[in-house]
>>> print(open('work-v3.cif').read())   # mmCIF, C-alpha atoms
data_structure
#
loop_
_atom_site.label_atom_id
_atom_site.label_comp_id
_atom_site.auth_asym_id
_atom_site.auth_seq_id
_atom_site.Cartn_x
_atom_site.Cartn_y
_atom_site.Cartn_z
CA MET A 272 44.65 2.91 0.17
CA GLN A 273 42.73 3.26 3.44
CA ARG A 274 41.32 6.57 2.23
CA LEU A 275 40.22 4.97 -1.04
CA LEU A 276 38.50 2.13 0.81
CA TYR A 277 36.89 4.20 3.57
CA ARG A 278 36.72 8.00 3.24
CA ALA A 279 36.82 8.68 -0.51
CA LYS A 280 33.47 9.34 -2.16
CA TRP A 281 32.60 6.67 -4.70
CA ASP A 282 29.89 4.06 -5.14
CA ALA A 283 31.15 0.46 -5.01
CA ASP A 284 27.85 -0.92 -6.32
CA ALA A 285 27.96 1.40 -9.34
CA VAL A 286 31.51 0.26 -10.09
CA ARG A 287 30.36 -3.34 -9.68
CA ASP A 288 27.67 -2.67 -12.29
CA ASP A 289 30.31 -1.21 -14.63
CA VAL A 290 32.50 -4.28 -14.18
CA ARG A 291 29.54 -6.55 -14.94
CA LYS A 292 28.75 -4.56 -18.11
CA VAL A 293 32.34 -4.79 -19.35
CA VAL A 294 32.36 -8.56 -18.71
CA VAL A 295 29.09 -8.98 -20.59
CA ASP A 296 30.34 -6.88 -23.52
CA ARG A 297 33.49 -9.01 -23.85
CA LEU A 298 32.43 -12.47 -22.64
CA GLY A 299 28.65 -12.42 -23.06
CA ASP A 300 26.89 -15.31 -24.79
CA PRO A 301 23.17 -16.24 -24.95
CA ASP A 302 23.98 -19.68 -23.55
CA GLY A 303 25.84 -18.26 -20.55
CA VAL A 304 25.69 -19.74 -17.04
CA LEU A 305 25.38 -17.92 -13.71
CA VAL A 306 27.16 -19.81 -10.93
CA VAL A 307 26.77 -19.11 -7.21
CA ASP A 308 29.15 -20.15 -4.45
CA GLU A 309 30.68 -18.85 -1.25
CA THR A 310 34.13 -18.52 0.21
CA GLY A 311 35.32 -17.71 3.71
CA ASP A 312 38.19 -15.76 5.20
CA LEU A 313 39.47 -16.96 8.57
CA LYS A 314 39.64 -14.24 11.22
CA LYS A 315 41.06 -14.01 14.74
CA GLY A 316 39.01 -11.12 16.12
CA THR A 317 35.30 -10.38 16.42
CA HIS A 318 35.06 -6.87 14.95
CA THR A 319 35.27 -7.55 11.19
CA VAL A 320 31.86 -7.21 9.57
CA GLY A 321 29.99 -10.54 9.46
CA VAL A 322 32.55 -12.53 11.42
CA GLN A 323 31.47 -15.31 13.78
CA ARG A 324 32.09 -19.00 14.30
CA GLN A 325 30.49 -20.62 11.26
CA TYR A 326 31.15 -23.29 8.66
CA THR A 327 33.38 -22.30 5.79
CA GLY A 328 34.54 -24.46 2.93
CA THR A 329 37.90 -22.70 3.01
CA ALA A 330 38.74 -24.54 6.24
CA GLY A 331 36.30 -27.42 5.76
CA ARG A 332 34.98 -26.98 9.31
CA ILE A 333 33.45 -24.45 11.70
CA GLU A 334 35.89 -21.61 12.33
CA ASN A 335 35.86 -17.95 13.26
CA ALA A 336 35.35 -16.59 9.77
CA GLN A 337 33.76 -14.05 7.48
CA VAL A 338 31.77 -15.51 4.57
CA GLY A 339 31.14 -13.87 1.20
CA VAL A 340 28.68 -15.13 -1.40
CA PHE A 341 29.78 -14.59 -5.01
CA LEU A 342 28.25 -14.81 -8.47
CA ALA A 343 30.30 -15.93 -11.45
CA TYR A 344 29.50 -15.67 -15.14
CA ALA A 345 30.68 -18.33 -17.57
CA SER A 346 30.36 -18.62 -21.34
CA ARG A 347 32.24 -20.26 -24.18
CA HIS A 348 34.44 -17.13 -24.28
CA GLY A 349 35.62 -17.19 -20.67
CA HIS A 350 34.54 -16.75 -17.07
CA THR A 351 35.01 -14.47 -14.08
CA LEU A 352 33.31 -13.28 -10.88
CA ILE A 353 30.80 -10.46 -11.38
CA ASP A 354 29.04 -9.86 -8.05
CA ARG A 355 29.50 -10.23 -4.28
CA ARG A 356 27.59 -10.08 -1.00
CA VAL A 357 28.93 -10.33 2.54
CA TYR A 358 26.88 -12.68 4.70
CA LEU A 359 25.64 -11.13 7.95
CA PRO A 360 24.58 -13.76 10.52
CA GLU A 361 21.65 -13.09 12.84
CA SER A 362 24.12 -12.41 15.65
CA TRP A 363 24.99 -9.27 13.68
CA THR A 364 21.63 -8.12 12.31
CA SER A 365 20.04 -8.47 15.77
CA ASP A 366 22.73 -6.26 17.33
CA ARG A 367 22.19 -2.76 15.93
CA ASP A 368 25.04 -1.22 17.94
CA ARG A 369 27.49 -3.72 16.48
CA CYS A 370 26.22 -3.00 12.96
CA ASP A 371 26.49 0.76 13.48
CA GLN A 372 30.07 0.35 14.65
CA ASP A 373 31.01 -1.29 11.33
CA GLY A 374 28.91 0.99 9.17
CA VAL A 375 26.22 -1.51 8.16
CA PRO A 376 23.32 0.45 6.59
CA ASP A 377 20.11 0.62 8.61
CA ASP A 378 18.05 -1.06 5.88
CA ILE A 379 20.17 -4.24 5.87
CA ALA A 380 18.22 -7.10 7.45
CA PHE A 381 19.12 -10.73 7.94
CA ALA A 382 19.27 -12.72 4.70
CA THR A 383 20.28 -16.33 4.25
CA ARG A 384 23.06 -17.20 1.86
CA SER A 385 20.46 -18.55 -0.59
CA GLN A 386 18.60 -15.23 -0.42
CA LEU A 387 21.83 -13.39 -1.19
CA ALA A 388 22.33 -15.71 -4.16
CA ASP A 389 18.80 -14.99 -5.36
CA ASP A 390 19.41 -11.23 -5.05
CA MET A 391 22.54 -11.41 -7.20
CA ILE A 392 20.97 -13.63 -9.86
CA THR A 393 17.87 -11.43 -10.03
CA ALA A 394 20.03 -8.32 -10.36
CA ALA A 395 22.00 -9.97 -13.19
CA VAL A 396 18.80 -10.92 -15.05
CA GLN A 397 17.39 -7.41 -14.61
CA ALA A 398 20.67 -6.00 -15.96
CA GLN A 399 20.11 -8.19 -19.06
CA VAL A 400 23.14 -10.37 -18.51
CA PRO A 401 22.85 -12.97 -21.30
CA ALA A 402 22.39 -16.24 -19.43
CA ARG A 403 20.22 -19.30 -19.95
CA TRP A 404 21.27 -21.36 -16.94
CA ALA A 405 22.11 -21.21 -13.25
CA ALA A 406 24.26 -23.67 -11.30
CA ALA A 407 25.24 -24.11 -7.65
CA ASP A 408 26.31 -26.72 -5.14
CA GLU A 409 23.96 -28.48 -2.76
CA ALA A 410 24.17 -25.75 -0.11
CA TYR A 411 22.03 -23.71 -2.52
CA GLY A 412 20.39 -26.47 -4.55
CA ASN A 413 18.64 -27.84 -1.47
CA ASN A 414 16.82 -24.54 -1.02
CA THR A 415 13.28 -24.91 -2.38
CA LYS A 416 12.63 -21.16 -2.49
CA LEU A 417 15.75 -20.48 -4.56
CA ARG A 418 14.70 -23.09 -7.11
CA SER A 419 11.25 -21.51 -7.25
CA GLU A 420 12.68 -18.02 -7.81
CA LEU A 421 14.87 -19.27 -10.64
CA ARG A 422 11.81 -20.76 -12.36
CA LYS A 423 9.99 -17.42 -12.01
CA LEU A 424 12.93 -15.76 -13.75
CA GLY A 425 12.68 -18.34 -16.55
CA LEU A 426 16.25 -19.37 -15.87
CA GLY A 427 17.04 -23.05 -16.38
CA TYR A 428 19.08 -24.65 -13.63
CA VAL A 429 21.25 -27.63 -12.73
CA LEU A 430 21.53 -27.47 -8.95
CA ALA A 431 23.29 -30.05 -6.82
CA VAL A 432 21.17 -31.58 -4.04
CA SER A 433 22.00 -33.90 -1.16
CA ARG A 434 21.74 -37.68 -1.37
CA ASP A 435 18.72 -37.70 0.97
CA HIS A 436 16.81 -35.27 -1.25
CA LEU A 437 13.27 -36.56 -1.85
CA LEU A 438 12.44 -37.00 -5.52
CA PRO A 439 8.79 -36.82 -6.67
CA LEU A 440 8.06 -39.96 -8.73
CA ASN A 441 4.98 -41.37 -10.45
CA GLY A 442 3.67 -37.92 -11.24
CA GLY A 443 4.44 -36.68 -7.76
CA LYS A 444 2.39 -39.36 -6.02
CA THR A 445 5.38 -40.89 -4.26
CA ARG A 446 8.68 -39.54 -2.96
CA ARG A 447 11.93 -41.44 -2.55
CA ARG A 448 15.44 -40.54 -1.48
CA ALA A 449 17.77 -39.84 -4.39
CA ASP A 450 20.32 -42.44 -3.34
CA LEU A 451 17.64 -45.16 -3.02
CA VAL A 452 16.34 -44.37 -6.51
CA THR A 453 19.88 -44.68 -7.85
CA ALA A 454 20.34 -48.12 -6.31
CA ASP A 455 17.45 -49.45 -8.43
CA LEU A 456 18.77 -48.15 -11.77
CA PRO A 457 19.86 -50.79 -14.30
CA ALA A 458 23.32 -50.73 -15.86
CA THR A 459 21.80 -49.56 -19.15
CA ALA A 460 20.65 -46.32 -17.50
CA TRP A 461 24.23 -45.05 -17.30
CA THR A 462 26.18 -43.33 -20.05
CA ARG A 463 29.73 -41.98 -19.96
CA ARG A 464 30.17 -38.33 -20.87
CA SER A 465 32.69 -35.57 -20.27
CA ALA A 466 31.69 -32.71 -17.97
CA GLY A 467 34.25 -30.48 -19.65
CA ALA A 468 37.98 -30.18 -19.94
CA GLY A 469 40.04 -30.26 -16.76
CA SER A 470 43.72 -29.69 -16.09
CA LYS A 471 44.40 -33.37 -16.75
CA GLY A 472 42.06 -33.91 -19.67
CA PRO A 473 38.33 -34.44 -20.16
CA ARG A 474 36.45 -35.03 -16.90
CA TYR A 475 34.61 -38.25 -17.68
CA TYR A 476 31.82 -39.47 -15.42
CA ASP A 477 28.96 -41.91 -15.69
CA TRP A 478 25.60 -40.14 -15.90
CA ALA A 479 22.02 -41.28 -15.40
CA TRP A 480 19.11 -39.03 -16.33
CA LEU A 481 15.63 -39.32 -14.90
CA ALA A 482 13.95 -37.20 -17.53
CA ASP A 483 10.40 -37.46 -16.21
CA VAL A 484 9.99 -36.61 -12.53
CA GLY A 485 7.23 -34.73 -10.73
CA ALA A 486 7.07 -30.97 -10.53
CA ASP A 487 9.23 -29.22 -7.97
CA GLY A 488 6.62 -26.98 -6.35
CA ASP A 489 4.17 -25.26 -8.70
CA PRO A 490 2.97 -27.88 -11.22
CA ASP A 491 1.94 -25.18 -13.71
CA ASP A 492 5.38 -23.69 -14.33
CA GLY A 493 5.33 -25.07 -17.88
CA GLY A 494 8.91 -26.35 -17.76
CA ARG A 495 10.62 -29.71 -17.82
CA HIS A 496 11.71 -31.18 -14.47
CA SER A 497 14.36 -33.87 -14.34
CA VAL A 498 17.07 -35.35 -12.13
CA LEU A 499 20.68 -35.87 -13.14
CA ILE A 500 22.92 -38.35 -11.33
CA ARG A 501 26.72 -38.33 -11.66
CA ARG A 502 28.88 -41.31 -10.72
CA ASN A 503 32.66 -41.23 -10.42
CA ASN A 504 33.78 -44.20 -12.52
CA THR A 505 36.81 -44.73 -10.25
CA THR A 506 35.47 -44.30 -6.72
CA GLY A 507 31.76 -44.81 -7.34
CA GLU A 508 30.97 -41.54 -5.53
CA LEU A 509 27.54 -40.16 -6.46
CA ALA A 510 26.28 -36.60 -6.95
CA PHE A 511 22.68 -35.56 -7.58
CA TYR A 512 21.20 -32.58 -9.44
CA ARG A 513 17.71 -31.13 -9.65
CA CYS A 514 17.23 -29.78 -13.16
CA TRP A 515 14.63 -27.55 -14.76
CA ALA A 516 14.39 -25.93 -18.16
CA PRO A 517 11.58 -23.88 -19.70
CA ARG A 518 11.91 -25.92 -22.90
CA PRO A 519 12.96 -29.49 -23.72
CA VAL A 520 16.71 -30.01 -23.46
CA ALA A 521 19.19 -32.77 -24.21
CA LEU A 522 21.27 -34.67 -21.69
CA ALA A 523 24.45 -33.16 -23.14
CA GLN A 524 23.28 -29.64 -22.20
CA LEU A 525 22.60 -30.59 -18.59
CA VAL A 526 25.95 -32.36 -18.27
CA ARG A 527 27.71 -29.27 -19.64
CA VAL A 528 26.02 -26.97 -17.12
CA ALA A 529 26.79 -29.38 -14.26
CA GLY A 530 30.46 -29.25 -15.28
CA VAL A 531 30.50 -25.46 -15.57
CA ARG A 532 29.77 -25.13 -11.84
CA TRP A 533 33.45 -25.80 -11.07
CA ILE A 534 34.52 -22.58 -12.75
CA VAL A 535 33.57 -20.60 -9.66
CA GLU A 536 36.28 -22.50 -7.76
CA GLU A 537 38.75 -21.46 -10.45
CA GLY A 538 37.48 -17.90 -10.03
CA PHE A 539 38.16 -17.99 -6.29
CA GLN A 540 41.62 -19.46 -6.85
CA ALA A 541 42.52 -16.84 -9.47
CA GLY A 542 40.90 -14.02 -7.49
CA LYS A 543 42.87 -14.86 -4.35
CA GLY A 544 46.11 -15.75 -6.07
CA GLN A 545 46.22 -13.01 -8.72
CA ALA A 546 43.92 -10.19 -7.56
CA GLY A 547 44.25 -10.34 -3.76
CA LEU A 548 40.60 -11.19 -3.16
CA ASP A 549 41.39 -12.58 0.29
CA GLN A 550 44.01 -9.97 1.22
CA HIS A 551 41.71 -7.21 2.45
CA GLN A 552 42.79 -5.75 5.79
CA VAL A 553 39.50 -3.98 6.49
CA ARG A 554 36.71 -4.35 9.03
CA ARG A 555 33.87 -2.11 7.93
CA TRP A 556 30.94 -2.79 5.59
CA THR A 557 31.83 -0.10 3.04
CA SER A 558 35.52 -0.97 2.97
CA TRP A 559 34.83 -4.69 2.38
CA HIS A 560 32.55 -3.97 -0.58
CA ARG A 561 34.98 -1.47 -2.06
CA PHE A 562 38.03 -3.71 -1.76
CA THR A 563 36.15 -6.74 -3.11
CA THR A 564 34.80 -4.71 -6.04
CA LEU A 565 38.30 -3.60 -6.99
CA ALA A 566 39.52 -7.20 -6.78
CA LEU A 567 36.66 -8.29 -9.08
CA ALA A 568 37.59 -5.52 -11.51
CA ALA A 569 41.23 -6.67 -11.59
CA LEU A 570 40.17 -10.29 -12.08
CA ALA A 571 37.79 -9.28 -14.88
CA ILE A 572 40.63 -7.50 -16.72
CA LEU A 573 42.81 -10.62 -16.51
CA ALA A 574 39.95 -12.88 -17.65
CA ILE A 575 39.15 -10.62 -20.62
CA CYS A 576 42.83 -10.47 -21.63
CA ALA A 577 43.01 -14.28 -21.50
CA ALA A 578 39.82 -14.61 -23.56
CA GLU A 579 41.02 -12.18 -26.22
CA ALA A 580 44.41 -13.90 -26.41
CA ALA A 581 42.79 -17.30 -26.92
CA PRO A 582 42.75 -18.50 -30.57
CA ASP A 583 39.38 -18.69 -32.33
CA ASP A 584 40.29 -21.84 -34.23
CA GLU A 585 43.79 -23.23 -34.73
CA PRO A 586 46.36 -21.87 -32.26
CA GLU A 587 49.21 -19.84 -33.72
CA HIS A 588 51.68 -21.85 -31.64
CA PRO A 589 50.29 -25.40 -31.20
CA ASP A 590 53.22 -26.38 -29.00
CA MET A 591 52.22 -23.84 -26.32
CA ILE A 592 49.10 -23.50 -24.20
CA PRO A 593 47.14 -20.23 -24.64
CA LEU A 594 47.88 -17.36 -22.31
CA THR A 595 46.27 -17.96 -18.92
CA VAL A 596 45.15 -15.53 -16.22
CA ASN A 597 48.21 -16.44 -14.16
CA GLU A 598 50.63 -15.90 -17.05
CA ILE A 599 49.06 -12.58 -18.02
CA ARG A 600 49.40 -11.34 -14.44
CA ARG A 601 53.05 -12.45 -14.47
CA LEU A 602 53.70 -10.54 -17.71
CA ILE A 603 52.01 -7.41 -16.35
CA ASN A 604 54.32 -7.57 -13.33
CA VAL A 605 57.31 -7.75 -15.68
CA LEU A 606 56.19 -4.59 -17.48
CA LEU A 607 55.57 -2.70 -14.24
CA SER A 608 58.64 -3.73 -12.28
CA ARG A 609 62.21 -2.56 -12.81
CA THR A 610 63.95 -5.83 -13.37
CA THR A 611 67.59 -6.49 -14.07
CA ARG A 612 66.57 -8.80 -16.90
CA SER A 613 65.28 -7.54 -20.24
CA ILE A 614 61.65 -7.92 -21.27
CA ALA A 615 62.75 -10.18 -24.13
CA TYR A 616 64.39 -12.49 -21.59
CA ARG A 617 61.17 -12.60 -19.53
CA LEU A 618 59.11 -13.31 -22.64
CA ARG A 619 61.35 -16.25 -23.53
CA TRP A 620 60.76 -17.66 -20.04
CA SER A 621 57.02 -17.20 -20.55
CA CYS A 622 57.15 -19.16 -23.79
CA TRP A 623 59.19 -21.90 -22.10
CA ARG A 624 56.60 -22.21 -19.31
CA ARG A 625 53.74 -22.44 -21.79
CA ARG A 626 55.55 -25.11 -23.83
CA HIS A 627 56.31 -27.09 -20.67
CA GLN A 628 52.65 -26.83 -19.60
CA ALA A 629 51.55 -27.99 -23.05
CA ARG A 630 53.78 -31.08 -22.79
CA ALA A 631 52.46 -31.83 -19.30
CA ARG A 632 48.88 -31.44 -20.52
CA ARG A 633 49.44 -33.84 -23.44
CA ALA A 634 50.92 -36.40 -21.05
CA HIS A 635 47.97 -36.08 -18.67
CA HIS A 636 45.48 -36.36 -21.54
CA THR A 637 47.21 -39.46 -22.90
CA ARG A 638 47.23 -41.10 -19.48
CA ARG A 639 43.56 -40.27 -18.91
CA LEU A 640 42.62 -41.63 -22.34
CA ASN A 641 44.51 -44.86 -21.70
CA LEU A 642 42.68 -45.30 -18.38
CA GLU A 643 39.34 -44.72 -20.08
CA LEU A 644 40.12 -47.37 -22.74
CA GLN A 645 41.02 -50.00 -20.17
CA PRO A 646 38.28 -52.62 -19.65
#
>>> encode(input="work-v3.cif", output="structure tokens")
Amino acid sequence: MQRLLYRAKWDADAVRDDVRKVVVDRLGDPDGVLVVDETGDLKKGTHTVGVQRQYTGTAGRIENAQVGVFLAYASRHGHTLIDRRVYLPESWTSDRDRCDQDGVPDDIAFATRSQLADDMITAAVQAQVPARWAAADEAYGNNTKLRSELRKLGLGYVLAVSRDHLLPLNGGKTRRRADLVTADLPATAWTRRSAGAGSKGPRYYDWAWLADVGADGDPDDGGRHSVLIRRNNTTGELAFYRCWAPRPVALAQLVRVAGVRWIVEEGFQAGKGQAGLDQHQVRRWTSWHRFTTLALAALAILAICAAEAAPDDEPEHPDMIPLTVNEIRRLINVLLSRTTRSIAYRLRWSCWRRRHQARARRAHHTRRLNLELQP
């Protein structure tokens, strides 16, 4: 394995491109969404490429960690991770000896996480990945340059921004904080819509849409700028999104894209739990990219298998949930391992699990629906 990750001759970026092509061939859809996010791996030493004390959402605080920025692709057929970049802090790029020790190429300069996100999205567009939208959390949505680059690509976006984000109102003549604008909205401005199906049923939120706000930067981009506000109908927690589309869109489309952003979290969970995305025991630049590429390839195979096993219309077995990435990985393990139990026995257990999960899902959906109907 160490030889494969370090000394063997193969191009991890070329394999990454192959993985992306296979995903597009199987899961591609013109209304696809590109989603950017990052994840961190906690480290104890100082020699792993990119490691330093920095904030990581994995720990929810500043820790000694290595951070990777990832790009996910989502469509109505399925979703998976398709690209990756390791984040190199300035403490690394300004220390050439340290970079040489870990095999960082000479042409790699400092790039912010938003710049890495822009690189991956641009590469996906140039590779003709069928996508109409981009989505990200506020760590990326607050970046003015990233929003500008997405508009240049003609890619619509629904990007989360912070509550103190200044919104251009009255044709851009005035600017107000997003949370202060929300406080002045009447009750009639809110509508309840689902942001997509969750593990416990539809994810209903209250939404307000400011469909006519000032341009975000270049006023001649020819698109439609708007602001979307999400309110948790239980806690009252607010979230804000800067939106842009090259053509007029409906509120339902923006709400759908805002909800799709969460799939990257599912991708991280599946990648780490089923494909060992966080289990690399490597330090060098080349080894990290090779290991991560292989993990993305494994995750893509599982995602494609789950998509092809999903029913197009009515499920063949309505009392069972469709095959999931986790269940497919479990079945692959059964086929590869020498178990004392027969395959038929393992398949019966698989069916039992899927029926049990279907019953649990129906119970959650019923409970959620009853809560929504309560005054």
>>> resolve_selection(input="work-v3.cif", expression="the PyMOL selection byres ((chain A and resi 315) around 9)", output="number ranges by chain")
A: 313-314, 316-317, 335-336
>>> atom_distance(input="work-v3.cif", atom1="CA of Arg601 in chain A", atom2="CA of Glu309 in chain A")
26.8 Å
>>> closest_residue(input="work-v3.cif", among="A:Arg418, A:Gly412, A:Arg446, A:Gln337", to="Gln325 in chain A", atoms="all atoms listed in the file")
A:Gln337
>>> closest_residue(input="work-v3.cif", among="A:Gln399, A:Ser497, A:Gln386, A:Thr351", to="Asn414 in chain A", atoms="only C-alpha atoms")
A:Gln386
>>> resolve_selection(input="work-v3.cif", expression="the PyMOL selection byres ((chain A and resi 534) around 10)", output="ChimeraX atom specification")
/A:306,343-345,349-352,530-533,535-540
>>> write_last_selection(input="work-v3.cif", atoms="C-alpha atoms", output="short mmCIF file (atom, residue, chain, number, x, y, z; two decimals), in the frame of the given file")
data_model
loop_
_atom_site.label_atom_id
_atom_site.label_comp_id
_atom_site.auth_asym_id
_atom_site.auth_seq_id
_atom_site.Cartn_x
_atom_site.Cartn_y
_atom_site.Cartn_z
CA VAL A 306 27.16 -19.81 -10.93
CA ALA A 343 30.30 -15.93 -11.45
CA TYR A 344 29.50 -15.67 -15.14
CA ALA A 345 30.68 -18.33 -17.57
CA GLY A 349 35.62 -17.19 -20.67
CA HIS A 350 34.54 -16.75 -17.07
CA THR A 351 35.01 -14.47 -14.08
CA LEU A 352 33.31 -13.28 -10.88
CA GLY A 530 30.46 -29.25 -15.28
CA VAL A 531 30.50 -25.46 -15.57
CA ARG A 532 29.77 -25.13 -11.84
CA TRP A 533 33.45 -25.80 -11.07
CA VAL A 535 33.57 -20.60 -9.66
CA GLU A 536 36.28 -22.50 -7.76
CA GLU A 537 38.75 -21.46 -10.45
CA GLY A 538 37.48 -17.90 -10.03
CA PHE A 539 38.16 -17.99 -6.29
CA GLN A 540 41.62 -19.46 -6.85
#
>>> resolve_selection(input="work-v3.cif", expression="the PyMOL selection byres ((chain A and resi 426-433) around 9)", output="mmCIF file with C-alpha atoms, keeping the file's coordinate frame")
data_model
loop_
_atom_site.group_PDB
_atom_site.id
_atom_site.type_symbol
_atom_site.label_atom_id
_atom_site.label_comp_id
_atom_site.auth_asym_id
_atom_site.auth_seq_id
_atom_site.Cartn_x
_atom_site.Cartn_y
_atom_site.Cartn_z
ATOM 1 C CA VAL A 304 25.690 -19.740 -17.040
ATOM 2 C CA VAL A 396 18.800 -10.920 -15.050
ATOM 3 C CA ALA A 402 22.390 -16.240 -19.430
ATOM 4 C CA ARG A 403 20.220 -19.300 -19.950
ATOM 5 C CA TRP A 404 21.270 -21.360 -16.940
ATOM 6 C CA ALA A 405 22.110 -21.210 -13.250
ATOM 7 C CA ALA A 406 24.260 -23.670 -11.300
ATOM 8 C CA ALA A 407 25.240 -24.110 -7.650
ATOM 9 C CA ASP A 408 26.310 -26.720 -5.140
ATOM 10 C CA GLU A 409 23.960 -28.480 -2.760
ATOM 11 C CA ALA A 410 24.170 -25.750 -0.110
ATOM 12 C CA TYR A 411 22.030 -23.710 -2.520
ATOM 13 C CA GLY A 412 20.390 -26.470 -4.550
ATOM 14 C CA ASN A 413 18.640 -27.840 -1.470
ATOM 15 C CA ASN A 414 16.820 -24.540 -1.020
ATOM 16 C CA ARG A 418 14.700 -23.090 -7.110
ATOM 17 C CA GLU A 420 12.680 -18.020 -7.810
ATOM 18 C CA LEU A 421 14.870 -19.270 -10.640
ATOM 19 C CA ARG A 422 11.810 -20.760 -12.360
ATOM 20 C CA LYS A 423 9.990 -17.420 -12.010
ATOM 21 C CA LEU A 424 12.930 -15.760 -13.750
ATOM 22 C CA GLY A 425 12.680 -18.340 -16.550
ATOM 23 C CA ARG A 434 21.740 -37.680 -1.370
ATOM 24 C CA ASP A 435 18.720 -37.700 0.970
ATOM 25 C CA HIS A 436 16.810 -35.270 -1.250
ATOM 26 C CA ALA A 449 17.770 -39.840 -4.390
ATOM 27 C CA ASP A 450 20.320 -42.440 -3.340
ATOM 28 C CA GLY A 494 8.910 -26.350 -17.760
ATOM 29 C CA VAL A 498 17.070 -35.350 -12.130
ATOM 30 C CA LEU A 499 20.680 -35.870 -13.140
ATOM 31 C CA ALA A 510 26.280 -36.600 -6.950
ATOM 32 C CA PHE A 511 22.680 -35.560 -7.580
ATOM 33 C CA TYR A 512 21.200 -32.580 -9.440
ATOM 34 C CA ARG A 513 17.710 -31.130 -9.650
ATOM 35 C CA CYS A 514 17.230 -29.780 -13.160
ATOM 36 C CA TRP A 515 14.630 -27.550 -14.760
ATOM 37 C CA ALA A 516 14.390 -25.930 -18.160
ATOM 38 C CA PRO A 517 11.580 -23.880 -19.700
ATOM 39 C CA ARG A 518 11.910 -25.920 -22.900
ATOM 40 C CA LEU A 525 22.600 -30.590 -18.590
ATOM 41 C CA VAL A 526 25.950 -32.360 -18.270
ATOM 42 C CA VAL A 528 26.020 -26.970 -17.120
ATOM 43 C CA ALA A 529 26.790 -29.380 -14.260
ATOM 44 C CA ARG A 532 29.770 -25.130 -11.840
#
>>> atom_distance(input="work-v3.cif", atom1="CA of Gln550 in chain A", atom2="CA of Leu565 in chain A")
11.9 Å
>>> atom_distance(input="work-v3.cif", atom1="CA of Asp373 in chain A", atom2="CA of Arg555 in chain A")
4.5 Å
>>> residues_near_point(input="work-v3.cif", point="(34.6, -19.2, 1.9)", cutoff="8 Å", atoms="all atoms listed in the file", output="PyMOL selection string")
chain A and resi 309-312+327-329+337-340
>>> residues_near_point(input="work-v3.cif", point="(43.5, 5.3, -2.8)", cutoff="12 Å", atoms="all atoms listed in the file", output="PyMOL selection string")
chain A and resi 272-281+558+561-562+565
>>> closest_residue(input="work-v3.cif", among="A:Ala566, A:Ala458, A:Leu594, A:Ile392", to="Asp549 in chain A", atoms="only C-alpha atoms")
A:Ala566
>>> residues_around(input="work-v3.cif", residues="Asp296 in chain A", least_positions_apart="4", cutoff="12 Å", atoms="only C-alpha atoms", output="list in words")
Asp289, Val290, Arg291, Lys292, Asp300, Pro301, Ser346, His348, Gly349, Gln399, Val400, Pro401, Ala571 and Ile575 of chain A
>>> residues_around(input="work-v3.cif", residues="range 360-362 of chain A", least_positions_apart="4", cutoff="12 Å", atoms="only C-alpha atoms", output="PyMOL selection string")
chain A and resi 317+320-326+336-339+366-370+379-384
>>> decode(input="work-v3.cif", residues="range 527-537 of chain A", atoms="N, CA and C atoms", output="PDB file, in the first residue's frame")
ATOM      1  N   ARG A 527     -34.840  24.308  -3.024  1.00  0.00           N
ATOM      2  CA  ARG A 527     -34.289  22.981  -3.311  1.00  0.00           C
ATOM      3  C   ARG A 527     -32.772  23.012  -3.268  1.00  0.00           C
ATOM      4  N   VAL A 528     -32.162  24.015  -3.893  1.00  0.00           N
ATOM      5  CA  VAL A 528     -30.702  24.097  -3.922  1.00  0.00           C
ATOM      6  C   VAL A 528     -30.151  24.336  -2.517  1.00  0.00           C
ATOM      7  N   ALA A 529     -30.824  25.180  -1.742  1.00  0.00           N
ATOM      8  CA  ALA A 529     -30.390  25.413  -0.360  1.00  0.00           C
ATOM      9  C   ALA A 529     -30.402  24.107   0.424  1.00  0.00           C
ATOM     10  N   GLY A 530     -31.397  23.263   0.191  1.00  0.00           N
ATOM     11  CA  GLY A 530     -31.474  21.980   0.892  1.00  0.00           C
ATOM     12  C   GLY A 530     -30.443  20.975   0.414  1.00  0.00           C
ATOM     13  N   VAL A 531     -30.050  21.063  -0.858  1.00  0.00           N
ATOM     14  CA  VAL A 531     -29.081  20.124  -1.415  1.00  0.00           C
ATOM     15  C   VAL A 531     -27.709  20.287  -0.761  1.00  0.00           C
ATOM     16  N   ARG A 532     -27.413  21.464  -0.223  1.00  0.00           N
ATOM     17  CA  ARG A 532     -26.096  21.698   0.356  1.00  0.00           C
ATOM     18  C   ARG A 532     -25.727  20.663   1.411  1.00  0.00           C
ATOM     19  N   TRP A 533     -26.717  20.122   2.108  1.00  0.00           N
ATOM     20  CA  TRP A 533     -26.431  19.164   3.183  1.00  0.00           C
ATOM     21  C   TRP A 533     -25.895  17.829   2.677  1.00  0.00           C
ATOM     22  N   ILE A 534     -26.020  17.577   1.382  1.00  0.00           N
ATOM     23  CA  ILE A 534     -25.563  16.279   0.882  1.00  0.00           C
ATOM     24  C   ILE A 534     -24.059  16.123   1.030  1.00  0.00           C
ATOM     25  N   VAL A 535     -23.309  17.234   1.050  1.00  0.00           N
ATOM     26  CA  VAL A 535     -21.869  17.098   1.196  1.00  0.00           C
ATOM     27  C   VAL A 535     -21.530  16.543   2.573  1.00  0.00           C
ATOM     28  N   GLU A 536     -22.338  16.861   3.590  1.00  0.00           N
ATOM     29  CA  GLU A 536     -22.130  16.271   4.910  1.00  0.00           C
ATOM     30  C   GLU A 536     -22.370  14.768   4.867  1.00  0.00           C
ATOM     31  N   GLU A 537     -23.400  14.353   4.128  1.00  0.00           N
ATOM     32  CA  GLU A 537     -23.642  12.916   3.953  1.00  0.00           C
ATOM     33  C   GLU A 537     -22.465  12.267   3.230  1.00  0.00           C
TER      34      GLU A 537
END
